Amino acid sequence: MRAFHSDGYSVRLPEGHPFPIEKYGLVLRRLVDGGILRAEWLQEAEPVDPRLLALVHQPEYLERLFRGEMGREELRRLGLPWSKEMVLRASASVGATIEAAWAALEAEDGIGVGVNLGGGTHHAFPDRGEAFCIFNDITIAIRLLQQRKALKRSVIIDLDVHQGDGTAAILRYDPDIFILDIYCEENFPSRKVRTDIGLGLPEGTGDEEYLKQLKKHLPKALEFGPDLAFYQAGVDPLEEDSLGGLALSHEGLLERDRLVLQACREAGVPVVITLGGGYARPITETVRAHLNTIAVARELFT
């Protein structure tokens, strides 16, 4: 098991900003202090070469972003203030997902797990960022691995409460990628993008129905025969989440994680985990849920 993080994940935001950027530092400290992650499993992620970002994102978008020439409407849709540190943070998150993918593929037993203690920015499109997502880390990692002939087929299991519209738009016509996306139908984005399996659940859906649907559809994703699975493990389906809409308990989320990771393990599929969303208050509820995800990964893959 390998996990990747960047000190740059904790960029300062204006007071009262809705994005809980402090959760990344809290998760890291709790993982280490609680003994869930050993120090030797952790590695600092670095910002990537901008040429890698261009595997998915348009040059004009990247130029505006790096020069700080984003328009007011672009920044409104992104939901984050521009700064050099914010751009480097997003680039380092791409690097972490790429490194996590290599770590998963290169594990000694061939069935490894690599974790980005951030990432899962699935609302970023080729020409723009949206909803706190600047670069689409998972799709960039996939395109790089495809370019290097390290990956034939891959599956994305996106269980964030919001549909991964950017990811779906980027990859929808790639026959070597299968996307399973389970989300709250009434939540952002209002316009969903078609995926192989896209399941919008009604507001208030709780543990029993959610897990029933996951058990029904998860085998279809793994029957695709992927060489690698990307698990966007957003914890915003939690009932307490301020930007959610579903009503999962901590126990339900834990069982969700166990179902996904155990199914991948039994199918012999390496896994990349990204943390995705989580906006519960107090923030300790979000941190607790992310810790549970990593704890299950350790249990099953070490």
# chains A, B, ... in the order shown; residues from 1 in each chain; ligands from 1
$ closest_atom_pairs --of "stretch 166-250 of chain A" --to "stretch 102-122 of chain A" --cutoff "12 Å" --atoms "only C-alpha atoms" --output "tab-separated table"
residue	atom	partner	partner_atom	distance
A:Gly166	CA	A:His122	CA	5.5
A:Thr167	CA	A:His122	CA	5.3
A:Ala168	CA	A:His122	CA	8.4
A:Ala169	CA	A:His122	CA	10.0
A:Ile170	CA	A:His122	CA	10.0
A:Leu171	CA	A:His122	CA	11.4
A:Asp181	CA	A:His122	CA	11.0
A:Pro189	CA	A:His122	CA	11.2
A:Val193	CA	A:His122	CA	11.9
A:Pro226	CA	A:Leu105	CA	11.7
A:Asp227	CA	A:Leu105	CA	8.3
A:Leu228	CA	A:Leu105	CA	7.3
A:Ala229	CA	A:Ala104	CA	9.4
A:Phe230	CA	A:Gly120	CA	9.2
A:Tyr231	CA	A:Gly120	CA	8.5
A:Gln232	CA	A:Gly120	CA	5.6
A:Ala233	CA	A:Gly120	CA	7.9
A:Gly234	CA	A:Gly120	CA	7.8
A:Val235	CA	A:Gly120	CA	11.4
$ write_last_selection --atoms "C-alpha atoms" --output "PDB file, in the first residue's frame"
ATOM      1  CA  GLY A 166     -16.376  16.121 -16.357  1.00  0.00           C
ATOM      2  CA  THR A 167     -14.950  12.616 -16.202  1.00  0.00           C
ATOM      3  CA  ALA A 168     -17.914  11.247 -18.138  1.00  0.00           C
ATOM      4  CA  ALA A 169     -17.638  13.912 -20.839  1.00  0.00           C
ATOM      5  CA  ILE A 170     -13.918  13.291 -21.320  1.00  0.00           C
ATOM      6  CA  LEU A 171     -14.104   9.498 -21.477  1.00  0.00           C
ATOM      7  CA  ASP A 181     -21.402   6.328 -11.200  1.00  0.00           C
ATOM      8  CA  PRO A 189     -24.796  18.938 -11.721  1.00  0.00           C
ATOM      9  CA  VAL A 193     -23.598  13.173 -18.709  1.00  0.00           C
ATOM     10  CA  PRO A 226     -10.213  -3.914 -16.156  1.00  0.00           C
ATOM     11  CA  ASP A 227      -6.465  -3.846 -15.565  1.00  0.00           C
ATOM     12  CA  LEU A 228      -6.977  -1.082 -13.008  1.00  0.00           C
ATOM     13  CA  ALA A 229      -9.866   0.417 -11.041  1.00  0.00           C
ATOM     14  CA  PHE A 230     -10.136   4.049 -10.009  1.00  0.00           C
ATOM     15  CA  TYR A 231     -12.322   4.434  -6.933  1.00  0.00           C
ATOM     16  CA  GLN A 232     -13.604   7.962  -6.375  1.00  0.00           C
ATOM     17  CA  ALA A 233     -14.530   7.461  -2.735  1.00  0.00           C
ATOM     18  CA  GLY A 234     -16.285  10.732  -1.950  1.00  0.00           C
ATOM     19  CA  VAL A 235     -17.852  10.671   1.511  1.00  0.00           C
TER      20      VAL A 235
END
$ residues_around --residues "stretch 28-33 of chain A" --least-positions-apart "6" --cutoff "10 Å" --atoms "only C-alpha atoms" --output "ChimeraX atom specification"
/A:3-7,39,42,117,287-288,290-292,294-295
$ select_by_dssp --residues "stretch 67-245 of chain A" --states "helix (DSSP H, G or I)" --output "VMD selection string"
chain A and resid 67 72 to 78 84 to 105 137 to 147 165 to 171 207 to 222
$ closest_residue --among "A:Leu65, A:Ile283, A:Val94, A:Leu248" --to "A:Glu46" --atoms "only C-alpha atoms"
A:Val94
$ atom_distance --atom1 "atom CA of A:Leu214" --atom2 "atom CA of A:Thr195"
15.5 Å
$ atom_distance --atom1 "atom CA of A:Leu151" --atom2 "atom CA of A:Leu37"
27.3 Å
$ residues_around --residues "A:Ile21" --least-positions-apart "3" --cutoff "10 Å" --atoms "only C-alpha atoms" --output "ChimeraX atom specification"
/A:9-13,17-18,24-26,118,279
$ write_last_selection --atoms "N, CA and C atoms" --output "PDB file, in the first residue's frame"
ATOM      1  N   TYR A   9      -1.633  20.804  -0.417  1.00  0.00           N
ATOM      2  CA  TYR A   9      -3.078  20.568  -0.412  1.00  0.00           C
ATOM      3  C   TYR A   9      -3.808  21.563   0.488  1.00  0.00           C
ATOM      4  N   SER A  10      -3.122  22.087   1.475  1.00  0.00           N
ATOM      5  CA  SER A  10      -3.774  22.955   2.469  1.00  0.00           C
ATOM      6  C   SER A  10      -3.542  24.432   2.174  1.00  0.00           C
ATOM      7  N   VAL A  11      -3.891  24.860   0.978  1.00  0.00           N
ATOM      8  CA  VAL A  11      -3.820  26.276   0.617  1.00  0.00           C
ATOM      9  C   VAL A  11      -4.856  27.051   1.438  1.00  0.00           C
ATOM     10  N   ARG A  12      -4.499  28.254   1.838  1.00  0.00           N
ATOM     11  CA  ARG A  12      -5.429  29.062   2.634  1.00  0.00           C
ATOM     12  C   ARG A  12      -6.536  29.626   1.742  1.00  0.00           C
ATOM     13  N   LEU A  13      -7.768  29.520   2.233  1.00  0.00           N
ATOM     14  CA  LEU A  13      -8.926  30.082   1.549  1.00  0.00           C
ATOM     15  C   LEU A  13      -9.536  31.187   2.406  1.00  0.00           C
ATOM     16  N   HIS A  17     -15.237  30.169   3.466  1.00  0.00           N
ATOM     17  CA  HIS A  17     -15.364  29.520   2.159  1.00  0.00           C
ATOM     18  C   HIS A  17     -15.932  28.114   2.344  1.00  0.00           C
ATOM     19  N   PRO A  18     -16.839  27.679   1.459  1.00  0.00           N
ATOM     20  CA  PRO A  18     -17.502  26.384   1.653  1.00  0.00           C
ATOM     21  C   PRO A  18     -16.624  25.161   1.411  1.00  0.00           C
ATOM     22  N   TYR A  24      -7.691  17.943   4.468  1.00  0.00           N
ATOM     23  CA  TYR A  24      -6.581  17.137   3.962  1.00  0.00           C
ATOM     24  C   TYR A  24      -5.468  16.997   4.993  1.00  0.00           C
ATOM     25  N   GLY A  25      -5.123  18.084   5.633  1.00  0.00           N
ATOM     26  CA  GLY A  25      -4.122  18.012   6.690  1.00  0.00           C
ATOM     27  C   GLY A  25      -4.602  17.206   7.876  1.00  0.00           C
ATOM     28  N   LEU A  26      -5.879  17.352   8.221  1.00  0.00           N
ATOM     29  CA  LEU A  26      -6.439  16.599   9.344  1.00  0.00           C
ATOM     30  C   LEU A  26      -6.440  15.105   9.062  1.00  0.00           C
ATOM     31  N   GLY A 118      -6.289  13.050  -1.511  1.00  0.00           N
ATOM     32  CA  GLY A 118      -6.928  14.201  -2.130  1.00  0.00           C
ATOM     33  C   GLY A 118      -7.522  13.697  -3.440  1.00  0.00           C
ATOM     34  N   TYR A 279     -18.289  17.251   2.902  1.00  0.00           N
ATOM     35  CA  TYR A 279     -18.572  18.611   3.363  1.00  0.00           C
ATOM     36  C   TYR A 279     -19.399  18.626   4.648  1.00  0.00           C
TER      37      TYR A 279
END
$ closest_residue --among "A:Glu208, A:Asp257, A:Asp137, A:Glu285" --to "A:Ile157" --atoms "only C-alpha atoms"
A:Asp257
$ atom_distance --atom1 "atom CA of A:Glu299" --atom2 "atom CA of A:Glu240"
26.1 Å
$ closest_residue --among "A:Leu75, A:Ala92, A:Ile179, A:Ile156" --to "A:Asp49" --atoms "only C-alpha atoms"
A:Ala92
$ residues_around --residues "A:His217" --least-positions-apart "6" --cutoff "12 Å" --atoms "only C-alpha atoms" --output "count of residues only"
16
$ residues_around --residues "A:Glu186" --least-positions-apart "2" --cutoff "10 Å" --atoms "only C-alpha atoms" --output "ChimeraX atom specification"
/A:162,183-184,188-190,200-203,244-246
